[in-house]
Amino acid sequence: MRSEKWSKVQVVIKEMVVLNVILLLLLGFSQAIEYECPKGWLTFDMSCYRFVSSPLLPAEGAKASCARDGASLVEISTTQEHNWVVNRIIELTETIPTKPVFYTNGKREDNTDAYRWGSGKGDPVETDEFWLYLDVKKEGQLAGNTYIVYTYNATVGKWGWNLARGDTPQSYICEIPRAEAFKIRVENRNFDFGIENPPSDPDLWNRGPKFTKQPKNVIFFKDSGHKFASFDCVASGYPAPQYYWNRTRQNDKLKIDPMLEERYTITNGKLTIYQPNENADYGTYQCVTFNQYGSILSEKAELKFGYINDFPRTTREPVSKSAYSGAAIDCNPPTASPNTLLYQWYKGSSDNFLNTNLKPYLFISNSGKLLFSYITKEDEGDYTCIVSHSGEASTDNKISQPIRLNVATGVSSVKEPAMVSGFPNLFPKNALRGDDVRLECFAWGTNDLVYKWSKVGGTLPRNTRVADQGRVLNIPNIQLEDRGTYQCIVTRKQGQSASGQVTVSLAASPYFSNFNTEFTDQFADRDTDVQWKCDASGDPAVEYKWYRNSDVLIAALLNADQAARYAWNAPNNNILTISKVMAADEAMYQCAATNLHGTKYVTGQLKVYGFKPIFTKSPLSDRYAVIGGNATFTCSPEASPSAQITWLKNGVDVNPVENPDARVQRVGGSNLFIKTIEQNDQGKYTCFAKNSFGEARSEAQLTILDRPRFQQLPLDEDIGFNRTQMLRCRGNPGPILDVVYVWKHNTRIINLEGNPELNPPDPNYERGVGTRDGYLIIKNTTFATGGDYSCVFTTPVSELSWPLNVKIYGPPGPPAGIQAILKTGFADRMVITWFKGGENNRPITKYRVEGINNHNPGVWEVLKEAPATSTLSMEVDNLNPWTSYNFRVRAQNEVGWGEPSGVSNQVTTPTRAPDVVPLNVGGGGGKVGTLVIAWNRIPPVKQFGPGISYKVYYRRLGGSETDWEEKIPPKGNINRHVETLGATDNNIYKQFEVKVKAYNDVGDGPESPKETIYSAEGLPNERPQNVRVEQFNMTALRVFWIPVPDTVDTMKGVLAGYRISYWKTTENQNLALRKTYYGQRRSGIITGLRPKTMYYISVQVFNTAGNGDFAEQFPQETLRPSPRNMPEDAKVYAATQTSVKLTWRGVSTTPNEEPLTGYMVRYWKGSETIHKNIIITVGRKTYAEITGLEPGETYNFRVMGYSRGGNGKMSSPMITIYMIKDACEQGYHLRTTDNRVTVRCSSCLHMVSYSLVSLIMMYHILERYL
């Protein structure tokens, strides 16, 4: 019995042990090894990169330097990788005037023209797109250059590949796969180094001060209303830094003591000066911050005092110019400090500020000048200049005396552009690196002037901005490489050009680039040597000084020990070396780089250590591997001096070697790497670390597992364009391993998750889920998504990959190399040739030629289609003469038409005479005694040559062939000709036959068919008779007259209409207003008149020649106004299903109003607008019954009084009534804007009354008999 129980216990214990083992394995496998790129290396895709600037090495030395970290020189495999490398180089070197050269691992293969990676012995360099230009390979070979390098070409303004000799020391780029980042020799020391349990917040690590905010120059304006000036400096450090300030004036440095100077306060590094005084407070200020680890100096800042003096009060001499010439008005600003002024101008009054966007012929220069590219009489006037400080804390504006511009009469003519003296111009004149530079260009000239900027011998800086109609080129944050000569070309549209140049010369205060600065904190072992290199740029050249705890290092002031160990005697004093460092050397060190334009500091802290190895922060981790796989143990104890590392397996020395061919290797100086794993590699591994202060060890287990395998292999696919397709892939990781699927496209990992904000997923792909785990879904396929794919099946112990190929079929790609040639002997035929584009996995069946010409820009026309043959050419005919054509070609396959090719060269067909007639020949109208002949212009595409013009022909209707008169109007593409016949009766409104033909410089075209038109009409002979006027309402009059007969004799043509003129009797007829009516009529209404006002009215007839004589004037007075008051207290009195009764309180009129005639009610459905209202009049009654309403509809009602003067005001508020359909159940709901009324219909009330009587009677009967 006992043995049976014990056996059950054993089984349970055994199961628990197995479960715990599996649990531990699961925990271990979930910790997949991911190596991050260490400090100093940058990450892109699955590789780490290091851009090395110092020391410069020849090609083989650079290769060996990378190899010490297990890396190689960079090899570029994709466009994305090339672009990333170029962008990083730009970021690192953008402030360096002399761009470095970077070695790669590419080289010309010995005795061939081919280029390979691996120093010329590896994979071929397959792309040409990354070379700066293709001939560079040929030129480089001739010069003996064989190594591929990244260089900068200032002419084209970009980075790319070039060739160089390998013996020149240059910068270089190292690359290593992230999976091998453990090979990199690196010891990341920081302020937590050597501390077993440092605070989790790095801000709480003990360290010296570093400035996070430097003080800036301050300009104080007395007129600003401010009472203080302040300088800010902020530093980080722990314990929190403290601050004090020094002021230097004429080499006299004074420590500011707020206890002695009441106007000064220092609060957390901020120095505030109350009521600054120029005599007492001017000078240079410098912040000093310190804590127990040392002190450092800030950059220096200057306190200046700003002002603008007044303009002189004397009257300025006027500027006199002729119209259509250029003009300039000088502002002549008063003296100011600083002299960076903002200029504004206004003309006449301060309400009329000049806006160069609205008047592009104006320009306001940074010199203050107001310039006119040309002037007209409208520009004459008084101009005033206003100056202020730009962007400063000053409220003071200064205003000049008005400056008169007189414009004399000039001849209007086209003036070609002429560059104004002094332009192009540069602001500021003595620019420094980092300034915002403004280049200005201005020319005299009329019409639209177009300005274009370029840099001579190079490209414009990337961040340039063109402003003010192209006349200004802004270069923000200018850099030394932006120096050079800039050219401005001014062109009049369809005219001539003028140009000018300006040279930008820059100086630079000292600065440290991101690439060359190696000045960092030093965490040194005791008795080792420490070196800081201070590498600054500037123009003029910089000089260096070294500081220790804010005191300058001077050799004569060092003690004997320091003098023996401190040295800064490099050629430029820019390298500080401290030999055999000790605890007494711990301090804050600064390098100061100085030139004529200022001083810049870089800061580093020196920490000196000595302690035994510790594994607290980085103990060894257990590893899992499969037979034939690899395993890596990372051993990185903290120790000072660095520990000697010994590796043990199960207590026995492993003896790894630094040989990449060995199976058991030491990599990265201290890590253990085992490749081609065997079963007997399983065991416990120990990293034993030892230095002069002691020893320590860390242990971990290596477990060997079965190798995972593929369960479903992906297959090659043939997919249509713009489809969705699933690529299948499934692995068998075994029962306990985690698995991750990674898909690659053309060797690049597809981003399937990503960070939506920083690195969003690739929109073309999606990962399969659930039963499709491991699958890849390609969405909306494009040709770019075709290519080589691989499914990578990854577990914590292995990585398996299987390749497949995806072909995307779709419309053909665009043809290339389009050429057009005029066919010999033909003026209207061309031969188009091309090179075949990509078939996109389906054969091409047809080609189409499309054309565009200068007469119809922007519109591509299909000119010809033909089946595809081996001859890649097509003849296009029926082209228009004197037309410039460009062509493009499309290809078609079974899927459809592809994208068009690029545009061909331009070819112009020969000229010839026109072959079309002008259309829509006609005319008529015009001034008395003229014949107007009109036609449609010949469109440019049909002009067939330059000099298109017209000839016109006319004769009286019925004339003979010899009666035709030929007239040649002025040359040009006009559309009408006016022939003067003479203002006699024989020429007024007579019929003529006309025809027109076009001609150009080559010859005449055909004549148009003849058309019949009338000559111009004469003025009417008669005027309207018996004009009378009746009152209409208070603002309108109705006018009547006897019409003029519409005959040729009376009208001298055809009657067009009548014009009614009207004016107040107190005014002159010259101020008359006019109402025009077209066509024959006998009356009209004039509106918009004033009530109770006397007017004169007259009528005249008109035709196309003009107005006839005025009829006799008729005086008439308008009526008095309509009722001013509105009906009040309007409400519903009673209602049925289809009617309502309204009541209101009436209105009374005054003697100044027309007597009340009566009232009208306007009502309309709630679903309609008031414009669809129905109006009923009720006389002078104050109630109305509205019938014929629809149940279930909402109605709006308003009441108003009216008189002969018109309608009065409508009642308010508006009444709204909803007509209920079933009155007996719900009643009527009558809503107004201020009340709600419910009314039962009479039939319902009767029903209720009858029911009530019946109930009472029944009650009495029951009561009686019961």
# chains A, B, ... in the order shown; residues from 1 in each chain; ligands from 1
$ closest_atom_pairs --of "segment 935-1030 of chain A" --to "segment 1114-1138 of chain A" --cutoff "8 Å" --atoms "only C-alpha atoms" --output "tab-separated table"
residue	atom	partner	partner_atom	distance
A:Val1027	CA	A:Phe1114	CA	6.8
A:Arg1028	CA	A:Phe1114	CA	6.3
A:Val1029	CA	A:Gln1116	CA	6.5
A:Glu1030	CA	A:Gln1116	CA	7.4
$ write_last_selection --atoms "N, CA and C atoms" --output "short mmCIF file (atom, residue, chain, number, x, y, z; two decimals), in the first residue's frame"
data_model
loop_
_atom_site.label_atom_id
_atom_site.label_comp_id
_atom_site.auth_asym_id
_atom_site.auth_seq_id
_atom_site.Cartn_x
_atom_site.Cartn_y
_atom_site.Cartn_z
N VAL A 1027 -45.56 112.00 -74.15
CA VAL A 1027 -45.05 111.34 -72.93
C VAL A 1027 -45.90 111.76 -71.75
N ARG A 1028 -46.38 110.79 -70.98
CA ARG A 1028 -47.11 111.09 -69.75
C ARG A 1028 -46.65 110.10 -68.67
N VAL A 1029 -46.80 110.51 -67.39
CA VAL A 1029 -46.28 109.72 -66.28
C VAL A 1029 -47.35 109.59 -65.22
N GLU A 1030 -47.57 108.37 -64.70
CA GLU A 1030 -48.51 108.12 -63.63
C GLU A 1030 -47.77 107.61 -62.39
#
$ residues_around --residues "Ile948 of chain A" --least-positions-apart "3" --cutoff "9 Å" --atoms "only C-alpha atoms" --output "VMD selection string"
chain A and resid 914 938 940 943 to 945 971 to 973 998 to 1001
$ select_by_dssp --residues "segment 666-762 of chain A" --states "strand (DSSP E or B)" --output "ChimeraX atom specification"
/A:666-667,671-674,683-691,694-705,709-712,717-720,725-727,730-732,740-745,748-749,755,759
$ closest_residue --among "A:Ala913, A:Val889, A:Val450, A:Val218" --to "Phe231 of chain A" --atoms "only C-alpha atoms"
A:Val218
$ residues_around --residues "segment 57-61 of chain A" --least-positions-apart "4" --cutoff "7 Å" --atoms "only C-alpha atoms" --output "list in words"
Ser65, Tyr103, Gly166, Asp167, Thr168, Pro169, Gln170 and Ser171 of chain A
